[in-house]
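S.K.: Contents are compact mmCIF, C-alpha atoms; file name final-v3.txt:
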```txt
# COMPACT_ATOMS: atom_id res chain seq x y z
CA MET F 1 84.73 84.38 110.52
CA ALA F 2 82.57 85.98 107.83
CA MET F 3 84.93 88.97 107.51
CA LEU F 4 87.94 86.63 107.46
CA LEU F 5 86.52 84.56 104.61
CA ARG F 6 85.41 87.65 102.72
CA THR F 7 88.91 89.13 102.97
CA SER F 8 90.64 85.91 101.95
CA PHE F 9 88.50 84.98 98.96
CA SER F 10 87.73 88.39 97.46
CA ASP F 11 89.60 90.23 94.73
CA PRO F 12 91.70 92.96 96.40
CA GLY F 13 91.76 95.02 93.20
CA VAL F 14 94.17 93.20 90.91
CA LEU F 15 94.94 95.10 87.72
CA PRO F 16 95.13 93.02 84.50
CA ARG F 17 98.41 92.96 82.68
CA ALA F 18 98.85 94.58 79.29
CA LEU F 19 98.32 92.50 76.18
CA PRO F 20 101.27 92.11 73.78
CA ALA F 21 99.84 94.72 71.42
CA GLU F 22 99.22 97.16 74.28
CA ALA F 23 102.71 96.60 75.70
CA THR F 24 104.26 97.27 72.28
CA PHE F 25 102.25 100.48 71.88
CA ILE F 26 103.31 101.70 75.34
CA GLU F 27 106.95 100.94 74.55
CA MET F 28 106.68 102.97 71.33
CA GLU F 29 105.16 105.90 73.25
CA ILE F 30 107.97 105.80 75.81
CA GLU F 31 110.68 105.66 73.13
CA ALA F 32 109.08 108.55 71.25
CA ALA F 33 108.87 110.65 74.43
CA ASN F 34 112.43 109.93 75.60
CA GLY F 35 114.07 110.18 72.18
CA ASN F 36 117.36 108.56 71.28
CA VAL F 37 119.39 107.92 74.41
CA PRO F 38 123.17 108.06 73.76
CA ALA F 39 125.08 104.87 74.31
CA GLY F 40 126.44 104.51 77.81
CA GLN F 41 123.83 106.75 79.41
CA ARG F 42 121.01 105.52 81.59
CA PRO F 43 117.54 106.11 80.11
CA PRO F 44 115.24 108.43 82.07
CA PRO F 45 112.78 106.85 84.53
CA ARG F 46 109.46 105.76 83.11
CA ILE F 47 106.99 107.96 84.95
CA ARG F 48 103.97 110.08 84.14
CA ASN F 49 102.70 113.05 86.11
CA VAL F 50 99.03 113.57 86.87
CA GLN F 51 97.35 116.24 88.97
CA ILE F 52 95.03 115.24 91.83
CA ASN F 53 93.53 117.98 94.00
CA ASN F 54 96.17 120.47 92.84
CA GLN F 55 98.91 118.00 93.74
CA ILE F 56 101.33 116.38 91.28
CA VAL F 57 101.30 112.58 91.60
CA LYS F 58 103.76 110.34 89.73
CA LEU F 59 102.56 107.21 87.95
CA LYS F 60 105.30 104.59 87.87
CA TYR F 61 105.76 102.01 85.12
CA CYS F 62 105.59 98.34 86.07
CA TYR F 63 108.10 96.29 84.09
CA THR F 64 106.30 93.04 85.01
CA CYS F 65 102.73 94.00 84.09
CA LYS F 66 103.82 96.41 81.29
CA ILE F 67 101.46 99.16 82.46
CA PHE F 68 101.59 102.53 84.15
CA ARG F 69 100.19 101.88 87.61
CA PRO F 70 97.24 104.03 88.73
CA PRO F 71 97.65 106.30 91.76
CA ARG F 72 98.20 104.44 95.06
CA ALA F 73 98.70 101.13 93.23
CA SER F 74 101.74 98.95 93.79
CA HIS F 75 103.11 95.60 92.62
CA CYS F 76 102.94 92.80 95.18
CA GLY F 77 106.02 90.60 95.06
CA ILE F 78 104.20 87.63 96.64
CA CYS F 79 101.07 87.65 94.48
CA ASP F 80 103.06 88.98 91.46
CA ASN F 81 100.24 91.35 90.52
CA CYS F 82 99.61 95.08 90.59
CA VAL F 83 96.95 95.86 93.20
CA GLU F 84 94.93 99.07 93.20
CA ARG F 85 95.19 101.09 96.43
CA PHE F 86 97.65 98.52 97.73
CA ASP F 87 97.83 98.43 101.53
CA HIS F 88 99.90 95.33 102.35
CA HIS F 89 100.05 91.57 101.84
CA CYS F 90 98.64 89.83 104.90
CA PRO F 91 99.99 86.28 105.46
CA TRP F 92 97.29 85.56 108.06
CA VAL F 93 94.47 85.87 105.52
CA GLY F 94 96.61 84.64 102.60
CA ASN F 95 95.71 87.52 100.32
CA CYS F 96 96.59 91.08 99.47
CA VAL F 97 94.67 93.88 101.18
CA GLY F 98 93.68 96.51 98.68
CA LYS F 99 90.89 98.70 97.39
CA ARG F 100 88.12 96.08 97.25
CA ASN F 101 88.69 94.18 100.51
CA TYR F 102 90.27 96.68 102.90
CA ARG F 103 87.02 97.40 104.76
CA TYR F 104 86.48 93.67 105.35
CA PHE F 105 90.03 93.32 106.67
CA TYR F 106 89.49 96.21 109.08
CA LEU F 107 86.19 94.79 110.29
CA PHE F 108 87.90 91.42 110.78
CA THR F 109 90.62 92.93 113.00
CA LEU F 110 88.06 95.07 114.85
CA SER F 111 85.74 92.14 115.60
CA LEU F 112 88.72 89.99 116.61
CA SER F 113 89.88 92.69 119.04
CA LEU F 114 86.42 92.97 120.57
CA LEU F 115 86.22 89.18 120.90
CA THR F 116 89.63 89.01 122.59
CA ILE F 117 88.73 91.79 125.03
CA TYR F 118 85.39 90.12 125.80
CA ILE F 119 86.96 86.71 126.53
CA PHE F 120 89.79 88.20 128.59
CA THR F 121 87.44 90.34 130.69
CA PHE F 122 84.87 87.69 131.53
CA ASP F 123 87.50 85.04 132.20
CA ILE F 124 88.90 87.29 134.91
CA VAL F 125 85.37 87.93 136.25
CA HIS F 126 84.73 84.18 136.31
CA VAL F 127 87.92 83.51 138.27
CA VAL F 128 87.20 86.30 140.76
CA LEU F 129 83.61 85.19 141.45
CA ARG F 130 84.63 81.58 142.05
CA SER F 131 87.56 82.63 144.21
CA VAL F 132 85.16 84.30 146.64
CA ASP F 133 83.50 80.99 147.50
CA SER F 134 86.24 78.37 147.11
CA GLY F 135 89.46 80.35 147.20
CA PHE F 136 91.88 81.36 144.48
CA VAL F 137 94.05 78.21 144.57
CA ASN F 138 91.09 75.85 144.43
CA THR F 139 89.63 77.89 141.56
CA LEU F 140 92.84 77.46 139.56
CA LYS F 141 92.72 73.69 140.16
CA GLU F 142 89.04 73.39 139.27
CA THR F 143 89.10 75.57 136.12
CA PRO F 144 92.51 75.18 134.42
CA GLY F 145 90.98 76.01 131.01
CA THR F 146 89.95 79.44 132.20
CA VAL F 147 93.47 80.17 133.36
CA LEU F 148 94.86 79.06 130.01
CA GLU F 149 92.42 81.34 128.18
CA VAL F 150 93.48 84.28 130.35
CA LEU F 151 97.15 83.72 129.47
CA VAL F 152 96.48 83.35 125.73
CA CYS F 153 94.26 86.44 125.61
CA PHE F 154 96.78 88.45 127.62
CA PHE F 155 99.58 87.86 125.10
CA THR F 156 97.42 88.21 121.96
CA LEU F 157 95.51 91.24 123.17
CA TRP F 158 98.34 93.70 122.60
CA SER F 159 99.11 92.68 119.03
CA VAL F 160 95.50 92.44 117.83
CA VAL F 161 94.33 95.62 119.51
CA GLY F 162 97.49 97.43 118.45
CA LEU F 163 96.94 96.40 114.82
CA THR F 164 93.35 97.61 114.94
CA GLY F 165 94.40 100.90 116.47
CA PHE F 166 97.08 101.41 113.80
CA HIS F 167 94.58 100.87 110.96
CA THR F 168 92.08 103.15 112.69
CA TYR F 169 94.75 105.83 112.63
CA LEU F 170 95.39 105.20 108.91
CA ILE F 171 91.67 105.34 108.08
CA SER F 172 91.30 108.66 109.87
CA LEU F 173 94.05 110.07 107.60
CA ASN F 174 92.87 108.22 104.47
CA GLN F 175 96.29 106.65 104.15
CA THR F 176 97.57 103.14 103.40
CA THR F 177 100.18 101.06 105.18
CA ASN F 178 102.40 101.16 102.10
CA GLU F 179 102.27 104.96 102.00
CA ASP F 180 102.94 105.22 105.73
CA ILE F 181 106.01 102.97 105.56
CA LYS F 182 107.45 104.79 102.55
CA GLY F 183 106.63 108.19 104.02
CA SER F 184 104.89 109.33 100.85
CA TRP F 185 102.85 112.03 102.62
CA SER F 186 105.14 112.84 105.51
CA GLY F 187 105.03 116.57 104.74
CA LYS F 188 108.55 116.81 103.35
CA ASN F 189 109.06 119.23 100.46
CA ARG F 190 105.52 120.53 101.06
CA VAL F 191 104.00 117.27 99.83
CA GLN F 192 100.60 116.65 101.40
CA ASN F 193 98.16 113.78 101.05
CA PRO F 194 95.91 114.70 98.10
CA TYR F 195 93.37 111.99 99.01
CA SER F 196 92.63 113.24 102.53
CA HIS F 197 89.54 115.38 103.13
CA ARG F 198 91.12 117.00 106.21
CA ASN F 199 88.21 115.60 108.17
CA ILE F 200 88.25 112.37 110.18
CA ILE F 201 84.55 111.60 109.64
CA LYS F 202 84.76 112.13 105.87
CA ASN F 203 87.85 109.97 105.61
CA CYS F 204 86.24 107.16 107.59
CA CYS F 205 83.06 107.35 105.53
CA GLU F 206 85.00 107.18 102.28
CA VAL F 207 87.07 104.15 103.30
CA LEU F 208 84.43 102.16 105.18
CA CYS F 209 81.16 103.31 103.61
CA GLY F 210 82.15 104.10 100.05
CA PRO F 211 80.96 102.11 97.04
CA VAL F 212 82.48 98.71 96.34
CA TYR F 213 84.08 98.93 92.92
CA PRO F 214 83.60 96.03 90.50
CA SER F 215 86.43 93.68 89.72
CA VAL F 216 88.27 94.25 86.43
CA LEU F 217 89.34 90.62 86.14
CA ASP F 218 87.61 88.26 83.71
CA ARG F 219 87.50 85.15 85.87
CA ARG F 220 85.48 83.13 83.37
CA GLY F 221 87.56 84.08 80.36
CA LEU F 222 89.64 81.54 78.50
CA MET F 223 93.33 82.09 78.01
CA VAL F 224 94.33 81.89 74.33
CA GLU F 225 97.85 80.65 73.74
CA THR F 226 99.59 82.36 70.85
CA PRO F 227 101.74 79.94 68.83
CA THR F 228 105.39 80.86 68.67
CA PRO F 229 106.85 80.93 65.13
CA PRO F 230 109.57 78.33 64.46
CA ILE F 231 113.13 79.61 64.27
CA SER F 232 114.87 78.71 60.99
CA THR F 233 118.30 77.16 61.28
CA THR F 234 119.65 79.04 58.24
CA ALA F 235 118.87 82.41 59.78
CA THR F 236 120.54 81.33 63.00
CA LYS F 237 123.67 80.25 61.18
CA ASN F 238 123.84 83.46 59.18
CA SER F 239 123.26 85.66 62.20
CA ASP F 240 125.76 83.95 64.50
CA PRO F 241 129.34 85.06 63.93
CA ASP F 242 132.15 82.59 63.48
CA PRO F 243 133.56 82.02 66.94
CA GLN F 244 136.99 81.07 65.50
CA ASN F 245 137.47 84.31 63.57
CA THR F 246 136.25 86.71 66.28
CA LYS F 247 138.72 87.79 68.91
CA THR F 248 138.51 90.48 71.51
CA THR F 249 140.98 93.27 70.84
CA ALA F 250 139.73 95.66 73.53
CA PRO F 251 141.23 95.40 77.02
CA LEU F 252 139.16 93.43 79.50
CA ILE F 253 139.90 95.87 82.34
CA PRO F 254 140.11 99.66 81.93
CA ASN F 255 143.60 101.16 81.95
CA GLU F 256 145.10 97.78 81.18
CA HIS F 257 147.04 96.58 78.16
CA THR F 258 145.63 94.07 75.75
CA PRO F 259 146.53 90.50 76.72
CA ASP F 260 149.06 88.74 74.57
CA ASP F 261 146.62 86.04 73.51
CA THR F 262 144.31 88.64 71.96
CA LYS F 263 147.04 90.31 69.91
CA PRO F 264 147.19 89.16 66.27
CA SER F 265 150.11 86.83 65.74
CA ILE F 266 152.57 87.39 62.94
CA ALA F 267 152.16 83.90 61.56
CA SER F 268 148.39 84.33 61.18
CA SER F 269 148.68 87.13 58.56
CA PRO F 270 149.63 85.88 55.07
CA GLU F 271 151.35 89.15 54.07
CA LYS F 272 153.86 89.14 56.94
CA SER F 273 154.43 85.40 57.12
CA SER F 274 158.12 84.52 56.80
CA PRO F 275 159.14 81.98 54.14
CA LYS F 276 159.93 78.53 55.29
CA GLU F 277 163.62 77.74 55.62
CA PRO F 278 164.89 75.04 53.26
CA PRO F 279 165.75 71.74 54.88
CA PRO F 280 169.44 71.09 55.54
CA PRO F 281 171.16 69.40 52.64
CA SER F 282 171.65 65.70 52.92
CA LEU F 283 175.00 64.05 52.54
CA GLY F 284 174.04 62.72 49.14
CA ASP F 285 173.72 66.23 47.76
CA THR F 286 177.38 67.14 48.50
CA GLY F 287 178.77 64.49 46.20
CA GLU F 288 180.29 62.44 48.98
CA THR F 289 179.51 58.78 49.32
CA THR F 290 178.70 57.20 52.58
CA PRO F 291 180.07 53.74 53.28
CA VAL F 292 177.45 51.06 53.63
CA LYS F 293 178.09 48.11 55.85
CA GLU F 294 176.76 44.72 54.73
CA LYS F 295 175.23 42.45 57.25
CA ALA F 296 176.53 38.92 57.45
CA PHE F 297 173.97 36.28 57.24
```
Would you mind writing the file's structure down as structure tokens?
M.R.:
Amino acid sequence: MAMLLRTSFSDPGVLPRALPAEATFIEMEIEAANGNVPAGQRPPPRIRNVQINNQIVKLKYCYTCKIFRPPRASHCGICDNCVERFDHHCPWVGNCVGKRNYRYFYLFTLSLSLLTIYIFTFDIVHVVLRSVDSGFVNTLKETPGTVLEVLVCFFTLWSVVGLTGFHTYLISLNQTTNEDIKGSWSGKNRVQNPYSHRNIIKNCCEVLCGPVYPSVLDRRGLMVETPTPPISTTATKNSDPDPQNTKTTAPLIPNEHTPDDTKPSIASSPEKSSPKEPPPPSLGDTGETTPVKEKAF
């Protein structure tokens, strides 16, 4: 229970997001490094290369936090934060498992496995010892709770012990669950794990007995809201084009002709507008008189 609470309520290693000034400076650095990208071409990926133990490691840019993530860090989609040495997000503890709480998570799974094995073993011993005196059927009738515990421990034993064994394997290689799923150090293209000491004892000592790094979050800090400047209506009117005078002349689909409604009409241009035809002459203009009938009252 202590390891469970420590894993749930501790900072896994959340990295703070960049301030607006820092984000603007990073964007300027990226634009200066990439240069002017021609229109229609995709800009190059935002990565930086660092060397760790004679191995090139790529630092990826996080578009949400506006930072270049440190090595082995990843952005958690559930917590919406970048976590240093990200392992996975555990729904059972309700928190991410990362650099600062991974050892407590492993000790929680290890102690839970030992507890499950202990209960399962001595429940079977209890049933066997009572079956010698009163029989197996009478023992099941007298101790139904013990039988229920045996069934629960039998089905949960494989998952809990299997999870502990999997993380023991990862600790021996100094590898994370995220790296194992992605196959980051699978040996392809001669890429090896630069964080492994090639020694199981050294890897276990580094993960489980290494120093606990301090949190970089300011939990007692106050968030200062920056006021947004008001948008002037005159600038909006001047910047917005007249929707009545703008028409699309380019085809909507490639290799297609321009629709007829987008073509400029002849009547709309004043130079090519045809003169109006004169109205037909009335009968009075020809000099003829039309008889008028008088109504009788």
S.K.: What does the structure give for the distance between CA of Thr168 (chain F) and CA of Cys204 (chain F), in Å to one decimal?
M.R.: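 Between these atoms lies a distance of 8.7 Å.
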S.K.: Work out how far apart CA of Asn101 (chain F) and CA of Tyr213 (chain F) are and give it in Å to one decimal.
M.R.: 10.1 Å
S.K.: Compare F:Thr64, F:Asn53, F:Ser196, F:Ser10 by their minimum atom-to-atom distance to Ala23 (chain F), counting all atoms listed in the file, and give me the closest one.
M.R.: F:Thr64
S.K.: For CA of Phe68 (chain F) and CA of Glu84 (chain F), quote the distance in Å rounded to one decimal.
M.R.: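 CA of Phe68 (chain F) sits 11.8 Å away from CA of Glu84 (chain F).
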S.K.: Around (84.5, 111.0, 113.6), as given in the file, which residues come within 12 Å? Count all atoms listed in the file and list them as an NGL selection string.
M.R.: :F and (168-169 or 171-173 or 198-206)
S.K.: Write a file of the selected residues as a PDB file, keeping the file's coordinate frame, keeping C-alpha atoms.
M.R.:
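again-v7.pdb, freshly written:
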```
ATOM      1  CA  THR F 168      92.080 103.150 112.690  1.00  0.00           C
ATOM      2  CA  TYR F 169      94.750 105.830 112.630  1.00  0.00           C
ATOM      3  CA  ILE F 171      91.670 105.340 108.080  1.00  0.00           C
ATOM      4  CA  SER F 172      91.300 108.660 109.870  1.00  0.00           C
ATOM      5  CA  LEU F 173      94.050 110.070 107.600  1.00  0.00           C
ATOM      6  CA  ARG F 198      91.120 117.000 106.210  1.00  0.00           C
ATOM      7  CA  ASN F 199      88.210 115.600 108.170  1.00  0.00           C
ATOM      8  CA  ILE F 200      88.250 112.370 110.180  1.00  0.00           C
ATOM      9  CA  ILE F 201      84.550 111.600 109.640  1.00  0.00           C
ATOM     10  CA  LYS F 202      84.760 112.130 105.870  1.00  0.00           C
ATOM     11  CA  ASN F 203      87.850 109.970 105.610  1.00  0.00           C
ATOM     12  CA  CYS F 204      86.240 107.160 107.590  1.00  0.00           C
ATOM     13  CA  CYS F 205      83.060 107.350 105.530  1.00  0.00           C
ATOM     14  CA  GLU F 206      85.000 107.180 102.280  1.00  0.00           C
TER      15      GLU F 206
END
```
S.K.: I'd like the neighbourhood of region 89-91 of chain F as a list in words, where a residue qualifies if any of its atoms comes within 9 Å (using all atoms listed in the file), though same-chain residues fewer than 3 positions away should be ignored.
M.R.: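 Those residues are Cys76, Ile78, Cys79, Phe86, Gly94, Asn95, Cys96, Val97 and Gly98 of chain F.
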S.K.: So which one's closest to Thr177 (chain F), F:Pro211, F:Leu163, F:Ile117, F:Phe154? Using all atoms listed in the file, please.
M.R.: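 Using all atoms listed in the file, the shortest distance to Thr177 (chain F) belongs to F:Leu163.
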S.K.: Write out as a PyMOL selection string each polymer residue whose atoms come within 9 Å of Phe105 (chain F), counting all atoms listed in the file; drop sequence neighbours fewer than 2 positions from it.
M.R.: chain F and resi 3-4+6-8+93+97+101-103+107-110
S.K.: Just checking: using only C-alpha atoms, which residue out of F:Lys182, F:Lys58, F:Arg220, F:Lys99 ends up closest to Val207 (chain F)?
M.R.: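 Of F:Lys182, F:Lys58, F:Arg220, F:Lys99, the one nearest Val207 (chain F), counting only C-alpha atoms, is F:Lys99.
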S.K.: Restricting the calculation to only C-alpha atoms: of F:Cys62, F:Leu115, F:Val137, F:Cys82, which residue gets closest to Glu27 (chain F)?
M.R.: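 Answer, going by the shortest atom-to-atom distance: F:Cys62.
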S.K.: Pick out the residues sitting within 9 Å of region 141-144 of chain F, and hand them over as a PyMOL selection string; count only C-alpha atoms, and ignore anything fewer than 5 positions along from it in its own chain.
M.R.: chain F and resi 127+136+149
S.K.: Hey, can you spit out that residue selection with C-alpha atoms as a PDB file, keeping the file's coordinate frame?
M.R.:
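Here's the written file part_10.pdb:
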```pdb
ATOM      1  CA  VAL F 127      87.920  83.510 138.270  1.00  0.00           C
ATOM      2  CA  PHE F 136      91.880  81.360 144.480  1.00  0.00           C
ATOM      3  CA  GLU F 149      92.420  81.340 128.180  1.00  0.00           C
TER       4      GLU F 149
END
```
S.K.: List as a list of chain:residue names the protein and nucleic acid residues near region 138-140 of chain F, meaning an atom at most 12 Å away when all atoms listed in the file are counted, but skip any in the same chain fewer than 3 places from it.
M.R.: F:Asp123, F:Ile124, F:His126, F:Val127, F:Val128, F:Leu129, F:Arg130, F:Ser131, F:Val132, F:Asp133, F:Ser134, F:Gly135, F:Thr143, F:Pro144, F:Gly145, F:Thr146, F:Val147, F:Leu148, F:Val150
S.K.: Go ahead and write the selection's residues with C-alpha atoms as a PDB file, keeping the file's coordinate frame.
M.R.:
```
ATOM      1  CA  ASP F 123      87.500  85.040 132.200  1.00  0.00           C
ATOM      2  CA  ILE F 124      88.900  87.290 134.910  1.00  0.00           C
ATOM      3  CA  HIS F 126      84.730  84.180 136.310  1.00  0.00           C
ATOM      4  CA  VAL F 127      87.920  83.510 138.270  1.00  0.00           C
ATOM      5  CA  VAL F 128      87.200  86.300 140.760  1.00  0.00           C
ATOM      6  CA  LEU F 129      83.610  85.190 141.450  1.00  0.00           C
ATOM      7  CA  ARG F 130      84.630  81.580 142.050  1.00  0.00           C
ATOM      8  CA  SER F 131      87.560  82.630 144.210  1.00  0.00           C
ATOM      9  CA  VAL F 132      85.160  84.300 146.640  1.00  0.00           C
ATOM     10  CA  ASP F 133      83.500  80.990 147.500  1.00  0.00           C
ATOM     11  CA  SER F 134      86.240  78.370 147.110  1.00  0.00           C
ATOM     12  CA  GLY F 135      89.460  80.350 147.200  1.00  0.00           C
ATOM     13  CA  THR F 143      89.100  75.570 136.120  1.00  0.00           C
ATOM     14  CA  PRO F 144      92.510  75.180 134.420  1.00  0.00           C
ATOM     15  CA  GLY F 145      90.980  76.010 131.010  1.00  0.00           C
ATOM     16  CA  THR F 146      89.950  79.440 132.200  1.00  0.00           C
ATOM     17  CA  VAL F 147      93.470  80.170 133.360  1.00  0.00           C
ATOM     18  CA  LEU F 148      94.860  79.060 130.010  1.00  0.00           C
ATOM     19  CA  VAL F 150      93.480  84.280 130.350  1.00  0.00           C
TER      20      VAL F 150
END
```
S.K.: Compare F:Thr164, F:Asn81, F:Thr116, F:Asn178 by their minimum atom-to-atom distance to Tyr63 (chain F), counting all atoms listed in the file, and give me the closest one.
M.R.: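 The closest residue to Tyr63 (chain F) is F:Asn81.
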S.K.: Which one is closest to Ala73 (chain F): F:Pro194, F:Gly13, F:Pro20, F:Pro45? Count only C-alpha atoms.
M.R.: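 Comparing F:Pro194, F:Gly13, F:Pro20, F:Pro45 against Ala73 (chain F), the winner is F:Gly13.
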S.K.: Using all atoms listed in the file, can you list as a PDB file with C-alpha atoms, keeping the file's coordinate frame the residues within 7 Å of (106.8, 105.8, 82.8)?
M.R.:
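So the final result, stored in selection.pdb, reads:
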```pdb
ATOM      1  CA  PRO F  45     112.780 106.850  84.530  1.00  0.00           C
ATOM      2  CA  ARG F  46     109.460 105.760  83.110  1.00  0.00           C
ATOM      3  CA  ILE F  47     106.990 107.960  84.950  1.00  0.00           C
ATOM      4  CA  ARG F  48     103.970 110.080  84.140  1.00  0.00           C
ATOM      5  CA  LEU F  59     102.560 107.210  87.950  1.00  0.00           C
ATOM      6  CA  LYS F  60     105.300 104.590  87.870  1.00  0.00           C
ATOM      7  CA  TYR F  61     105.760 102.010  85.120  1.00  0.00           C
ATOM      8  CA  PHE F  68     101.590 102.530  84.150  1.00  0.00           C
TER       9      PHE F  68
END
```
S.K.: What would region 97-120 of chain F look like with N, CA and C atoms restored, written as a PDB file, in the frame of the given file?
M.R.:
```pdb
ATOM      1  N   VAL F  97      95.699  92.967 100.676  1.00  0.00           N
ATOM      2  CA  VAL F  97      94.670  93.880 101.180  1.00  0.00           C
ATOM      3  C   VAL F  97      94.748  95.139 100.337  1.00  0.00           C
ATOM      4  N   GLY F  98      93.666  95.391  99.605  1.00  0.00           N
ATOM      5  CA  GLY F  98      93.680  96.510  98.680  1.00  0.00           C
ATOM      6  C   GLY F  98      92.358  97.255  98.678  1.00  0.00           C
ATOM      7  N   LYS F  99      92.030  97.793  97.511  1.00  0.00           N
ATOM      8  CA  LYS F  99      90.890  98.700  97.390  1.00  0.00           C
ATOM      9  C   LYS F  99      89.560  98.006  97.630  1.00  0.00           C
ATOM     10  N   ARG F 100      89.422  96.743  97.219  1.00  0.00           N
ATOM     11  CA  ARG F 100      88.120  96.080  97.250  1.00  0.00           C
ATOM     12  C   ARG F 100      87.882  95.266  98.513  1.00  0.00           C
ATOM     13  N   ASN F 101      88.905  94.996  99.311  1.00  0.00           N
ATOM     14  CA  ASN F 101      88.690  94.180 100.510  1.00  0.00           C
ATOM     15  C   ASN F 101      89.292  94.797 101.768  1.00  0.00           C
ATOM     16  N   TYR F 102      89.674  96.076 101.704  1.00  0.00           N
ATOM     17  CA  TYR F 102      90.270  96.680 102.900  1.00  0.00           C
ATOM     18  C   TYR F 102      89.258  96.832 104.022  1.00  0.00           C
ATOM     19  N   ARG F 103      88.035  97.213 103.714  1.00  0.00           N
ATOM     20  CA  ARG F 103      87.020  97.400 104.760  1.00  0.00           C
ATOM     21  C   ARG F 103      86.727  96.082 105.474  1.00  0.00           C
ATOM     22  N   TYR F 104      86.729  94.968 104.721  1.00  0.00           N
ATOM     23  CA  TYR F 104      86.480  93.670 105.350  1.00  0.00           C
ATOM     24  C   TYR F 104      87.651  93.265 106.242  1.00  0.00           C
ATOM     25  N   PHE F 105      88.866  93.608 105.832  1.00  0.00           N
ATOM     26  CA  PHE F 105      90.030  93.320 106.670  1.00  0.00           C
ATOM     27  C   PHE F 105      89.965  94.128 107.967  1.00  0.00           C
ATOM     28  N   TYR F 106      89.579  95.388 107.875  1.00  0.00           N
ATOM     29  CA  TYR F 106      89.490  96.210 109.080  1.00  0.00           C
ATOM     30  C   TYR F 106      88.387  95.705 110.006  1.00  0.00           C
ATOM     31  N   LEU F 107      87.262  95.337 109.456  1.00  0.00           N
ATOM     32  CA  LEU F 107      86.190  94.790 110.290  1.00  0.00           C
ATOM     33  C   LEU F 107      86.578  93.456 110.905  1.00  0.00           C
ATOM     34  N   PHE F 108      87.403  92.680 110.216  1.00  0.00           N
ATOM     35  CA  PHE F 108      87.900  91.420 110.780  1.00  0.00           C
ATOM     36  C   PHE F 108      88.787  91.687 111.991  1.00  0.00           C
ATOM     37  N   THR F 109      89.739  92.617 111.867  1.00  0.00           N
ATOM     38  CA  THR F 109      90.620  92.930 113.000  1.00  0.00           C
ATOM     39  C   THR F 109      89.838  93.590 114.138  1.00  0.00           C
ATOM     40  N   LEU F 110      88.854  94.424 113.801  1.00  0.00           N
ATOM     41  CA  LEU F 110      88.060  95.070 114.850  1.00  0.00           C
ATOM     42  C   LEU F 110      87.224  94.068 115.623  1.00  0.00           C
ATOM     43  N   SER F 111      86.548  93.152 114.917  1.00  0.00           N
ATOM     44  CA  SER F 111      85.740  92.140 115.600  1.00  0.00           C
ATOM     45  C   SER F 111      86.615  91.176 116.388  1.00  0.00           C
ATOM     46  N   LEU F 112      87.817  90.866 115.877  1.00  0.00           N
ATOM     47  CA  LEU F 112      88.720  89.990 116.610  1.00  0.00           C
ATOM     48  C   LEU F 112      89.222  90.670 117.890  1.00  0.00           C
ATOM     49  N   SER F 113      89.462  91.961 117.835  1.00  0.00           N
ATOM     50  CA  SER F 113      89.880  92.690 119.040  1.00  0.00           C
ATOM     51  C   SER F 113      88.775  92.713 120.078  1.00  0.00           C
ATOM     52  N   LEU F 114      87.546  92.963 119.636  1.00  0.00           N
ATOM     53  CA  LEU F 114      86.420  92.970 120.570  1.00  0.00           C
ATOM     54  C   LEU F 114      86.209  91.588 121.184  1.00  0.00           C
ATOM     55  N   LEU F 115      86.377  90.542 120.375  1.00  0.00           N
ATOM     56  CA  LEU F 115      86.220  89.180 120.900  1.00  0.00           C
ATOM     57  C   LEU F 115      87.304  88.864 121.924  1.00  0.00           C
ATOM     58  N   THR F 116      88.541  89.275 121.648  1.00  0.00           N
ATOM     59  CA  THR F 116      89.630  89.010 122.590  1.00  0.00           C
ATOM     60  C   THR F 116      89.420  89.764 123.900  1.00  0.00           C
ATOM     61  N   ILE F 117      89.003  91.007 123.815  1.00  0.00           N
ATOM     62  CA  ILE F 117      88.730  91.790 125.030  1.00  0.00           C
ATOM     63  C   ILE F 117      87.578  91.180 125.824  1.00  0.00           C
ATOM     64  N   TYR F 118      86.551  90.722 125.138  1.00  0.00           N
ATOM     65  CA  TYR F 118      85.390  90.120 125.800  1.00  0.00           C
ATOM     66  C   TYR F 118      85.792  88.846 126.561  1.00  0.00           C
ATOM     67  N   ILE F 119      86.547  87.969 125.885  1.00  0.00           N
ATOM     68  CA  ILE F 119      86.960  86.710 126.530  1.00  0.00           C
ATOM     69  C   ILE F 119      87.881  86.983 127.706  1.00  0.00           C
ATOM     70  N   PHE F 120      88.828  87.897 127.524  1.00  0.00           N
ATOM     71  CA  PHE F 120      89.790  88.200 128.590  1.00  0.00           C
ATOM     72  C   PHE F 120      89.097  88.805 129.808  1.00  0.00           C
TER      73      PHE F 120
END
```
